Amino acid sequence: MEHRRSIFDRDISRSRADVSLSAFGFLFSELVQQIQREAESINDLEGQLEQIGYGVGVKVLELLAARDRRNFRHKHKLVPCLRFVSTTLWRYLFGKDADRLEKSSEHDNEYYIHEQEPLTNMFISVPREYGALNCAAYTAGIVCGVLDTSGFTAKVQAVTIEEPGEVDKTVYVVKFDE
Amino acid sequence: MSARSHARAGDVAWGRMTKVNGELFALTYGAMVKRLLEDHSEIDEVNEHLEKMGYNIGIRLVDEFLAKSGLPPCSGFVETAEVVAKVAFRMFLGVTADVTGWNPEGTVFSLLLADNPLAEFVELPRQYRTLSYSNILCGVLRGALEMIQYRVEVQFVRDVLRGDDVNELRVELKEIMNEEMSEEYKED
(Lines give C-alpha, C1' and ligand atoms only; values in the text may rest on other atoms or scores of the structure.)
Protein backbone atom coordinates (compact mmCIF):
# COMPACT_ATOMS: atom_id res chain seq x y z
CA MET A 1 0.00 0.00 0.00
CA GLU A 2 1.32 3.37 -0.92
CA HIS A 3 1.99 5.61 2.04
CA ARG A 4 0.66 9.03 1.26
CA ARG A 5 2.69 11.73 2.84
CA SER A 6 0.59 13.29 5.54
CA ILE A 7 1.12 16.34 7.65
CA PHE A 8 2.36 14.08 10.43
CA ASP A 9 5.42 13.15 8.37
CA ARG A 10 6.57 16.71 8.39
CA ASP A 11 9.39 17.82 10.58
CA ILE A 12 8.05 20.47 12.91
CA SER A 13 11.38 21.30 14.43
CA ARG A 14 12.12 23.58 11.49
CA SER A 15 10.11 26.68 12.10
CA ARG A 16 8.35 28.56 9.37
CA ALA A 17 10.03 31.55 7.83
CA ASP A 18 8.86 35.07 8.51
CA VAL A 19 6.33 37.05 6.56
CA SER A 20 6.09 40.82 6.31
CA LEU A 21 4.50 42.81 9.07
CA SER A 22 2.25 44.29 6.37
CA ALA A 23 0.84 40.90 5.48
CA PHE A 24 -0.04 40.28 9.10
CA GLY A 25 -1.47 43.77 9.40
CA PHE A 26 -3.73 43.39 6.37
CA LEU A 27 -4.91 39.98 7.53
CA PHE A 28 -5.57 41.10 11.09
CA SER A 29 -7.42 44.26 9.99
CA GLU A 30 -9.65 42.20 7.78
CA LEU A 31 -10.29 39.76 10.63
CA VAL A 32 -11.29 42.60 12.94
CA GLN A 33 -13.57 44.10 10.30
CA GLN A 34 -15.27 40.76 9.80
CA ILE A 35 -15.99 40.43 13.50
CA GLN A 36 -16.99 44.05 13.83
CA ARG A 37 -19.73 43.64 11.24
CA GLU A 38 -21.57 41.12 13.38
CA ALA A 39 -20.51 42.14 16.86
CA GLU A 40 -23.19 43.70 19.00
CA SER A 41 -20.91 45.75 21.20
CA ILE A 42 -17.29 46.53 21.88
CA ASN A 43 -17.25 43.86 24.58
CA ASP A 44 -18.65 41.36 22.11
CA LEU A 45 -15.99 42.31 19.57
CA GLU A 46 -13.19 41.97 22.10
CA GLY A 47 -14.70 38.74 23.41
CA GLN A 48 -14.67 37.23 19.96
CA LEU A 49 -11.09 38.30 19.37
CA GLU A 50 -10.19 36.67 22.69
CA GLN A 51 -11.93 33.50 21.70
CA ILE A 52 -10.07 33.32 18.41
CA GLY A 53 -6.79 34.06 20.17
CA TYR A 54 -7.46 31.34 22.72
CA GLY A 55 -7.38 28.61 20.11
CA VAL A 56 -4.13 29.98 18.74
CA GLY A 57 -2.63 30.05 22.25
CA VAL A 58 -3.39 26.39 22.83
CA LYS A 59 -1.68 25.48 19.55
CA VAL A 60 1.32 27.70 20.17
CA LEU A 61 2.04 26.10 23.52
CA GLU A 62 1.79 22.60 22.07
CA LEU A 63 4.09 23.65 19.26
CA LEU A 64 6.71 25.19 21.55
CA ALA A 65 6.60 22.13 23.82
CA ALA A 66 6.89 19.67 20.94
CA ARG A 67 9.69 21.60 19.31
CA ASP A 68 11.92 21.84 22.33
CA ARG A 69 11.12 18.47 23.84
CA ARG A 70 14.43 18.13 25.57
CA ASN A 71 14.45 21.45 27.35
CA PHE A 72 10.83 22.45 27.58
CA ARG A 73 9.24 21.96 30.94
CA HIS A 74 5.64 22.81 31.58
CA LYS A 75 5.61 25.34 34.35
CA HIS A 76 3.55 24.01 37.22
CA LYS A 77 3.93 27.08 39.33
CA LEU A 78 2.14 30.30 38.54
CA VAL A 79 4.94 32.85 38.54
CA PRO A 80 7.37 30.79 36.42
CA CYS A 81 4.52 30.24 33.99
CA LEU A 82 3.83 33.95 33.77
CA ARG A 83 7.52 34.58 33.29
CA PHE A 84 7.50 32.06 30.48
CA VAL A 85 4.59 33.97 28.94
CA SER A 86 6.20 37.40 29.21
CA THR A 87 9.56 36.22 27.89
CA THR A 88 9.71 33.01 25.83
CA LEU A 89 6.18 33.19 24.51
CA TRP A 90 6.39 36.90 23.78
CA ARG A 91 9.71 36.45 21.99
CA TYR A 92 8.24 33.68 19.86
CA LEU A 93 5.18 35.69 18.92
CA PHE A 94 6.55 39.22 18.67
CA GLY A 95 10.33 38.97 18.55
CA LYS A 96 10.89 40.57 21.93
CA ASP A 97 9.98 40.27 25.60
CA ALA A 98 6.92 41.97 27.02
CA ASP A 99 7.83 45.30 28.57
CA ARG A 100 7.06 44.38 32.14
CA LEU A 101 5.48 41.72 34.33
CA GLU A 102 4.22 42.72 37.74
CA LYS A 103 2.03 41.45 40.53
CA SER A 104 -0.87 43.55 41.70
CA SER A 105 -0.39 45.11 45.10
CA GLU A 106 -4.12 45.58 45.50
CA HIS A 107 -5.72 42.38 44.26
CA ASP A 108 -4.92 38.80 45.06
CA ASN A 109 -4.10 36.51 42.19
CA GLU A 110 -3.85 39.40 39.77
CA TYR A 111 -0.87 40.16 37.57
CA TYR A 112 -0.11 42.67 34.87
CA ILE A 113 1.83 42.27 31.65
CA HIS A 114 2.73 45.60 30.10
CA GLU A 115 3.10 46.20 26.40
CA GLN A 116 3.85 49.59 24.95
CA GLU A 117 2.92 48.95 21.35
CA PRO A 118 1.00 45.74 20.69
CA LEU A 119 1.40 44.33 17.21
CA THR A 120 -2.34 43.97 16.94
CA ASN A 121 -2.97 47.66 17.46
CA MET A 122 -0.55 48.92 14.86
CA PHE A 123 -3.00 48.60 12.01
CA ILE A 124 -6.28 49.45 13.59
CA SER A 125 -7.24 53.06 14.00
CA VAL A 126 -10.08 53.09 16.47
CA PRO A 127 -12.76 55.62 15.62
CA ARG A 128 -14.28 57.70 18.43
CA GLU A 129 -17.47 55.65 18.57
CA TYR A 130 -15.45 52.60 19.53
CA GLY A 131 -13.97 54.27 22.55
CA ALA A 132 -11.98 51.82 24.56
CA LEU A 133 -11.73 49.02 21.98
CA ASN A 134 -8.42 47.28 22.30
CA CYS A 135 -7.60 44.74 19.62
CA ALA A 136 -4.89 43.31 21.81
CA ALA A 137 -7.84 41.26 23.07
CA TYR A 138 -6.53 38.81 20.49
CA THR A 139 -3.20 38.54 22.33
CA ALA A 140 -5.06 38.35 25.62
CA GLY A 141 -6.82 35.31 24.19
CA ILE A 142 -3.51 33.75 23.20
CA VAL A 143 -2.19 34.25 26.73
CA CYS A 144 -5.36 32.77 28.18
CA GLY A 145 -5.03 29.72 25.92
CA VAL A 146 -1.42 29.24 26.95
CA LEU A 147 -2.17 29.57 30.65
CA ASP A 148 -5.16 27.28 30.48
CA THR A 149 -3.18 24.58 28.68
CA SER A 150 -0.52 24.92 31.36
CA GLY A 151 -3.14 24.18 33.98
CA PHE A 152 -3.86 27.70 35.19
CA THR A 153 -7.35 29.02 34.74
CA ALA A 154 -7.34 32.77 34.37
CA LYS A 155 -9.21 35.63 32.87
CA VAL A 156 -7.00 37.76 30.68
CA GLN A 157 -8.10 41.14 29.51
CA ALA A 158 -6.28 43.71 27.40
CA VAL A 159 -6.78 47.12 28.94
CA THR A 160 -5.81 50.47 27.43
CA ILE A 161 -3.90 52.68 29.77
CA GLU A 162 -3.89 56.33 28.88
CA GLU A 163 -0.79 58.11 29.96
CA PRO A 164 -1.01 61.90 29.84
CA GLY A 165 1.38 63.28 27.27
CA GLU A 166 2.32 59.82 26.03
CA VAL A 167 1.02 57.21 23.63
CA ASP A 168 -1.56 54.87 25.11
CA LYS A 169 -0.19 51.52 26.15
CA THR A 170 -1.75 48.16 26.80
CA VAL A 171 -1.75 46.18 30.00
CA TYR A 172 -2.90 42.58 30.05
CA VAL A 173 -4.69 42.00 33.32
CA VAL A 174 -4.33 38.36 34.30
CA LYS A 175 -6.68 37.33 37.06
CA PHE A 176 -6.29 33.76 38.27
CA ASP A 177 -9.08 31.74 39.77
CA GLU A 178 -8.51 30.58 43.33
CA MET B 1 13.38 44.28 -16.85
CA SER B 2 14.96 40.85 -16.91
CA ALA B 3 13.86 37.90 -14.84
CA ARG B 4 16.97 38.15 -12.73
CA SER B 5 16.42 41.81 -11.98
CA HIS B 6 12.83 41.12 -10.96
CA ALA B 7 14.09 38.53 -8.52
CA ARG B 8 16.68 40.96 -7.22
CA ALA B 9 14.08 43.70 -6.85
CA GLY B 10 12.00 41.21 -4.89
CA ASP B 11 14.88 40.40 -2.56
CA VAL B 12 15.64 44.08 -2.01
CA ALA B 13 12.02 44.92 -1.26
CA TRP B 14 11.74 41.95 1.11
CA GLY B 15 14.92 43.05 2.85
CA ARG B 16 13.35 46.41 3.64
CA MET B 17 10.13 45.04 5.09
CA THR B 18 9.65 44.63 8.82
CA LYS B 19 9.14 40.95 9.52
CA VAL B 20 6.88 39.00 11.83
CA ASN B 21 6.65 35.36 12.85
CA GLY B 22 5.21 33.46 9.90
CA GLU B 23 3.65 30.91 12.20
CA LEU B 24 1.66 33.56 14.04
CA PHE B 25 0.47 34.68 10.61
CA ALA B 26 -0.50 31.17 9.58
CA LEU B 27 -2.21 30.39 12.88
CA THR B 28 -4.16 33.66 12.73
CA TYR B 29 -5.32 32.83 9.22
CA GLY B 30 -6.26 29.33 10.31
CA ALA B 31 -8.28 30.67 13.20
CA MET B 32 -10.09 32.98 10.80
CA VAL B 33 -10.91 30.19 8.35
CA LYS B 34 -12.13 28.02 11.21
CA ARG B 35 -14.47 30.78 12.31
CA LEU B 36 -15.84 31.20 8.80
CA LEU B 37 -16.52 27.47 8.63
CA GLU B 38 -18.47 27.77 11.87
CA ASP B 39 -20.46 30.74 10.60
CA HIS B 40 -21.39 29.35 7.19
CA SER B 41 -23.27 26.18 6.38
CA GLU B 42 -21.96 25.88 2.82
CA ILE B 43 -18.28 25.50 2.02
CA ASP B 44 -18.76 27.43 -1.21
CA GLU B 45 -19.90 30.37 0.88
CA VAL B 46 -16.67 30.20 2.83
CA ASN B 47 -14.65 30.11 -0.39
CA GLU B 48 -16.52 33.16 -1.62
CA HIS B 49 -16.14 34.96 1.67
CA LEU B 50 -12.38 34.36 1.69
CA GLU B 51 -12.14 35.71 -1.83
CA LYS B 52 -14.04 38.86 -0.87
CA MET B 53 -11.82 39.41 2.15
CA GLY B 54 -8.84 39.05 -0.11
CA TYR B 55 -10.30 41.59 -2.50
CA ASN B 56 -10.65 44.13 0.33
CA ILE B 57 -7.02 43.54 1.19
CA GLY B 58 -5.83 43.65 -2.42
CA ILE B 59 -7.26 47.07 -3.18
CA ARG B 60 -5.30 48.54 -0.27
CA LEU B 61 -2.20 46.41 -0.58
CA VAL B 62 -1.39 47.63 -4.05
CA ASP B 63 -0.69 51.17 -2.80
CA GLU B 64 1.88 49.86 -0.38
CA PHE B 65 3.37 47.73 -3.11
CA LEU B 66 3.73 50.61 -5.51
CA ALA B 67 5.21 52.81 -2.82
CA LYS B 68 7.70 50.29 -1.50
CA SER B 69 8.73 48.27 -4.51
CA GLY B 70 10.37 51.23 -6.20
CA LEU B 71 9.63 49.77 -9.61
CA PRO B 72 8.72 51.66 -12.76
CA PRO B 73 5.31 50.91 -14.31
CA CYS B 74 5.10 47.53 -16.00
CA SER B 75 5.18 47.35 -19.77
CA GLY B 76 2.06 45.22 -19.93
CA PHE B 77 0.20 42.25 -18.55
CA VAL B 78 3.06 39.83 -19.14
CA GLU B 79 5.53 41.88 -17.15
CA THR B 80 2.88 42.49 -14.50
CA ALA B 81 2.63 38.75 -13.99
CA GLU B 82 6.39 38.49 -13.43
CA VAL B 83 6.40 41.39 -11.01
CA VAL B 84 3.52 39.88 -9.03
CA ALA B 85 5.31 36.55 -8.83
CA LYS B 86 8.82 37.74 -8.10
CA VAL B 87 8.39 41.04 -6.30
CA ALA B 88 4.94 41.24 -4.72
CA PHE B 89 4.76 37.71 -3.36
CA ARG B 90 8.33 38.01 -2.13
CA MET B 91 7.80 41.36 -0.48
CA PHE B 92 4.69 40.47 1.45
CA LEU B 93 4.91 36.73 1.99
CA GLY B 94 8.63 36.11 1.71
CA VAL B 95 8.16 33.51 -1.02
CA THR B 96 8.35 33.66 -4.80
CA ALA B 97 5.99 32.19 -7.34
CA ASP B 98 6.67 31.00 -10.88
CA VAL B 99 4.75 32.24 -13.87
CA THR B 100 3.80 29.56 -16.40
CA GLY B 101 1.06 28.35 -18.66
CA TRP B 102 0.52 31.44 -20.78
CA ASN B 103 -2.17 31.18 -23.39
CA PRO B 104 -1.26 32.33 -26.94
CA GLU B 105 -3.11 35.64 -26.51
CA GLY B 106 -1.15 36.48 -23.38
CA THR B 107 -4.28 36.95 -21.28
CA VAL B 108 -4.21 33.88 -19.06
CA PHE B 109 -1.35 32.63 -16.92
CA SER B 110 -0.68 30.47 -13.89
CA LEU B 111 1.19 31.26 -10.73
CA LEU B 112 2.85 28.23 -9.20
CA LEU B 113 3.51 28.52 -5.52
CA ALA B 114 5.66 25.79 -4.03
CA ASP B 115 5.59 27.27 -0.57
CA ASN B 116 2.32 28.64 0.83
CA PRO B 117 2.78 30.48 4.13
CA LEU B 118 -0.96 30.40 4.82
CA ALA B 119 -1.15 26.63 4.84
CA GLU B 120 1.42 25.93 7.52
CA PHE B 121 0.25 23.23 9.96
CA VAL B 122 -2.91 22.65 7.91
CA GLU B 123 -4.46 19.40 6.88
CA LEU B 124 -7.92 19.40 5.36
CA PRO B 125 -10.28 16.81 6.79
CA ARG B 126 -12.43 14.89 4.31
CA GLN B 127 -15.54 16.95 4.84
CA TYR B 128 -13.66 20.07 3.78
CA ARG B 129 -12.17 18.71 0.59
CA THR B 130 -13.99 21.33 -1.47
CA LEU B 131 -12.65 24.14 0.68
CA SER B 132 -10.23 26.38 -1.14
CA TYR B 133 -8.30 27.10 2.02
CA SER B 134 -6.06 29.83 0.65
CA ASN B 135 -8.75 31.44 -1.48
CA ILE B 136 -7.96 34.79 0.12
CA LEU B 137 -4.95 34.95 -2.21
CA CYS B 138 -7.26 34.89 -5.23
CA GLY B 139 -9.09 37.90 -3.89
CA VAL B 140 -5.89 39.76 -3.06
CA LEU B 141 -4.70 39.33 -6.63
CA ARG B 142 -8.06 40.36 -8.07
CA GLY B 143 -8.25 43.49 -5.92
CA ALA B 144 -4.68 44.54 -6.50
CA LEU B 145 -4.81 44.01 -10.26
CA GLU B 146 -8.10 45.87 -10.48
CA MET B 147 -6.42 48.93 -9.00
CA ILE B 148 -3.98 48.90 -11.89
CA GLN B 149 -6.80 48.60 -14.39
CA TYR B 150 -6.73 44.86 -14.99
CA ARG B 151 -10.04 43.18 -14.34
CA VAL B 152 -9.20 39.54 -13.70
CA GLU B 153 -10.65 36.33 -12.39
CA VAL B 154 -8.42 34.19 -10.23
CA GLN B 155 -8.97 30.56 -9.33
CA PHE B 156 -7.06 28.19 -7.12
CA VAL B 157 -6.88 25.28 -9.55
CA ARG B 158 -4.36 23.10 -7.76
CA ASP B 159 -3.89 22.98 -4.02
CA VAL B 160 -1.32 21.02 -2.04
CA LEU B 161 -3.85 20.79 0.77
CA ARG B 162 -6.17 18.90 -1.56
CA GLY B 163 -3.47 16.44 -2.58
CA ASP B 164 -1.90 18.18 -5.56
CA ASP B 165 1.87 18.52 -5.97
CA VAL B 166 1.89 22.26 -6.17
CA ASN B 167 -0.31 25.26 -5.56
CA GLU B 168 -1.53 26.82 -8.78
CA LEU B 169 -3.46 30.03 -9.17
CA ARG B 170 -4.93 30.61 -12.62
CA VAL B 171 -5.25 34.29 -13.52
CA GLU B 172 -7.49 35.26 -16.40
CA LEU B 173 -7.60 38.78 -17.77
CA LYS B 174 -11.18 39.78 -18.50
CA GLU B 175 -10.85 43.40 -19.36
CA ILE B 176 -8.37 46.21 -19.39
CA MET B 177 -10.26 49.03 -17.80
CA ASN B 178 -9.92 52.55 -19.09
CA GLU B 179 -9.90 55.26 -16.51
CA GLU B 180 -12.99 57.31 -16.99
CA MET B 181 -12.84 61.00 -16.42
CA SER B 182 -15.81 62.25 -14.54
CA GLU B 183 -18.12 64.94 -15.94
CA GLU B 184 -16.32 67.90 -14.41
CA TYR B 185 -13.16 67.21 -16.38
CA LYS B 186 -14.89 67.11 -19.74
CA GLU B 187 -14.16 70.03 -22.00
CA ASP B 188 -17.08 72.28 -22.64
# chains A, B, ... in the order shown; residues from 1 in each chain; ligands from 1
$ residues_around --residues "A:Ser150" --least-positions-apart "2" --cutoff "7 Å" --atoms "only C-alpha atoms" --output "MDAnalysis selection string"
chainID A and resid 74:75 146:148 152
$ write_last_selection --atoms "N, CA, C and O atoms" --output "PDB file, in the first residue's frame"
ATOM      1  N   HIS A  74       6.866  22.077  31.258  1.00  0.00           N
ATOM      2  CA  HIS A  74       5.644  22.807  31.585  1.00  0.00           C
ATOM      3  C   HIS A  74       5.797  23.406  32.970  1.00  0.00           C
ATOM      4  O   HIS A  74       6.243  22.744  33.891  1.00  0.00           O
ATOM      5  N   LYS A  75       5.454  24.667  33.063  1.00  0.00           N
ATOM      6  CA  LYS A  75       5.608  25.341  34.347  1.00  0.00           C
ATOM      7  C   LYS A  75       4.398  25.027  35.219  1.00  0.00           C
ATOM      8  O   LYS A  75       3.268  25.318  34.846  1.00  0.00           O
ATOM      9  N   VAL A 146      -2.686  29.788  26.467  1.00  0.00           N
ATOM     10  CA  VAL A 146      -1.417  29.241  26.947  1.00  0.00           C
ATOM     11  C   VAL A 146      -1.509  28.890  28.430  1.00  0.00           C
ATOM     12  O   VAL A 146      -1.115  27.806  28.872  1.00  0.00           O
ATOM     13  N   LEU A 147      -2.055  29.810  29.215  1.00  0.00           N
ATOM     14  CA  LEU A 147      -2.165  29.573  30.654  1.00  0.00           C
ATOM     15  C   LEU A 147      -3.069  28.392  30.958  1.00  0.00           C
ATOM     16  O   LEU A 147      -2.747  27.526  31.767  1.00  0.00           O
ATOM     17  N   ASP A 148      -4.203  28.359  30.265  1.00  0.00           N
ATOM     18  CA  ASP A 148      -5.157  27.276  30.485  1.00  0.00           C
ATOM     19  C   ASP A 148      -4.539  25.922  30.184  1.00  0.00           C
ATOM     20  O   ASP A 148      -4.702  24.969  30.945  1.00  0.00           O
ATOM     21  N   PHE A 152      -3.463  26.550  34.364  1.00  0.00           N
ATOM     22  CA  PHE A 152      -3.859  27.695  35.188  1.00  0.00           C
ATOM     23  C   PHE A 152      -5.062  28.384  34.562  1.00  0.00           C
ATOM     24  O   PHE A 152      -4.978  28.945  33.480  1.00  0.00           O
TER      25      PHE A 152
END
$ interface_residues --of "chain B" --to "chain A" --cutoff "8 Å" --atoms "only C-alpha atoms" --output "list of chain:residue names"
B:Trp14, B:Met17, B:Thr18, B:Lys19, B:Val20, B:Asn21, B:Gly22, B:Glu23, B:Leu24, B:Phe25, B:Leu27, B:Thr28, B:Tyr29, B:Ala31, B:Met32, B:Arg35, B:Met53, B:Asn56, B:Ile57, B:Leu61, B:Met91, B:Phe92, B:Leu93, B:Gly94, B:Pro117, B:Glu120, B:Phe121, B:Val122, B:Glu123
$ atom_distance --atom1 "atom CA of B:Val157" --atom2 "atom CA of B:Thr80"
20.4 Å
$ residues_around --residues "A:Thr160" --least-positions-apart "5" --cutoff "7 Å" --atoms "only C-alpha atoms" --output "ChimeraX atom specification"
/A:132,134,168-171
$ residues_around --residues "B:Arg60" --least-positions-apart "5" --cutoff "10 Å" --atoms "only C-alpha atoms" --output "PyMOL selection string"
(chain A and resi 26) or (chain B and resi 55+65+140+143-144+147)
$ closest_residue --among "A:Gln36, A:Ser86, A:Gln116, A:Ser104" --to "A:Glu166" --atoms "only C-alpha atoms"
A:Gln116
$ closest_residue --among "A:Leu101, A:Glu117, A:Lys155, A:Ala39" --to "A:Pro80" --atoms "only C-alpha atoms"
A:Leu101
$ atom_distance --atom1 "atom CA of B:Glu168" --atom2 "atom CA of B:Arg126"
20.8 Å
$ closest_residue --among "A:Asp177, A:Glu50, A:Glu38, A:Asp44" --to "A:Tyr111" --atoms "only C-alpha atoms"
A:Asp177
$ select_by_dssp --residues "stretch 11-167 of chain B" --states "strand (DSSP E)" --output "PyMOL selection string"
chain B and resi 19-20+98-100+108-113+150-158+167
$ write_last_selection --atoms "N, CA, C and O atoms" --output "short mmCIF file (atom, residue, chain, number, x, y, z; two decimals), in the first residue's frame"
data_model
loop_
_atom_site.label_atom_id
_atom_site.label_comp_id
_atom_site.auth_asym_id
_atom_site.auth_seq_id
_atom_site.Cartn_x
_atom_site.Cartn_y
_atom_site.Cartn_z
N LYS B 19 9.62 42.33 9.57
CA LYS B 19 9.14 40.95 9.52
C LYS B 19 8.38 40.57 10.79
O LYS B 19 8.61 41.15 11.86
N VAL B 20 7.50 39.60 10.65
CA VAL B 20 6.88 39.00 11.83
C VAL B 20 6.92 37.48 11.70
O VAL B 20 7.14 36.96 10.61
N ASP B 98 6.21 31.11 -9.50
CA ASP B 98 6.67 31.00 -10.88
C ASP B 98 5.50 31.24 -11.82
O ASP B 98 4.39 30.75 -11.58
N VAL B 99 5.79 31.96 -12.88
CA VAL B 99 4.75 32.24 -13.87
C VAL B 99 4.87 31.23 -15.00
O VAL B 99 5.94 31.07 -15.59
N THR B 100 3.78 30.54 -15.29
CA THR B 100 3.80 29.56 -16.40
C THR B 100 2.45 29.54 -17.09
O THR B 100 1.53 30.25 -16.70
N VAL B 108 -4.00 34.83 -20.16
CA VAL B 108 -4.21 33.88 -19.06
C VAL B 108 -2.87 33.29 -18.66
O VAL B 108 -2.09 32.88 -19.53
N PHE B 109 -2.59 33.25 -17.38
CA PHE B 109 -1.35 32.63 -16.92
C PHE B 109 -1.59 31.95 -15.57
O PHE B 109 -2.62 32.17 -14.93
N SER B 110 -0.61 31.14 -15.19
CA SER B 110 -0.68 30.47 -13.89
C SER B 110 0.45 30.92 -13.00
O SER B 110 1.57 31.18 -13.47
N LEU B 111 0.16 31.01 -11.73
CA LEU B 111 1.19 31.26 -10.73
C LEU B 111 1.37 29.97 -9.95
O LEU B 111 0.40 29.44 -9.39
N LEU B 112 2.59 29.45 -9.97
CA LEU B 112 2.85 28.23 -9.20
C LEU B 112 3.55 28.62 -7.92
O LEU B 112 4.56 29.32 -7.93
N LEU B 113 2.97 28.17 -6.82
CA LEU B 113 3.51 28.52 -5.52
C LEU B 113 3.89 27.23 -4.80
O LEU B 113 3.04 26.45 -4.41
N TYR B 150 -6.51 46.17 -14.41
CA TYR B 150 -6.73 44.86 -14.99
C TYR B 150 -7.87 44.18 -14.26
O TYR B 150 -7.75 43.88 -13.06
N ARG B 151 -8.97 43.94 -14.98
CA ARG B 151 -10.04 43.18 -14.34
C ARG B 151 -9.78 41.71 -14.62
O ARG B 151 -9.75 41.28 -15.77
N VAL B 152 -9.56 40.95 -13.53
CA VAL B 152 -9.20 39.54 -13.70
C VAL B 152 -10.10 38.63 -12.88
O VAL B 152 -10.80 39.08 -11.98
N GLU B 153 -10.05 37.36 -13.24
CA GLU B 153 -10.65 36.33 -12.39
C GLU B 153 -9.53 35.40 -12.00
O GLU B 153 -8.68 35.04 -12.83
N VAL B 154 -9.51 35.03 -10.73
CA VAL B 154 -8.42 34.19 -10.23
C VAL B 154 -9.01 32.95 -9.56
O VAL B 154 -9.93 33.05 -8.76
N GLN B 155 -8.49 31.80 -9.93
CA GLN B 155 -8.97 30.56 -9.33
C GLN B 155 -7.80 29.75 -8.79
O GLN B 155 -6.75 29.70 -9.41
N PHE B 156 -8.05 29.11 -7.68
CA PHE B 156 -7.06 28.19 -7.12
C PHE B 156 -7.32 26.85 -7.79
O PHE B 156 -8.24 26.14 -7.42
N VAL B 157 -6.55 26.51 -8.82
CA VAL B 157 -6.88 25.28 -9.55
C VAL B 157 -6.17 24.04 -9.03
O VAL B 157 -6.65 22.93 -9.20
N ARG B 158 -5.01 24.25 -8.40
CA ARG B 158 -4.36 23.10 -7.76
C ARG B 158 -3.95 23.51 -6.36
O ARG B 158 -3.44 24.62 -6.16
N ASN B 167 0.82 24.34 -5.59
CA ASN B 167 -0.31 25.26 -5.56
C ASN B 167 -0.31 26.06 -6.86
O ASN B 167 0.73 26.61 -7.24
#
$ atom_distance --atom1 "atom CA of A:Ala66" --atom2 "atom CA of A:Gly145"
16.4 Å
$ select_by_dssp --residues "stretch 63-144 of chain A" --states "alpha helix (DSSP H)" --output "ChimeraX atom specification"
/A:63-67,78-84,90-94,137-144
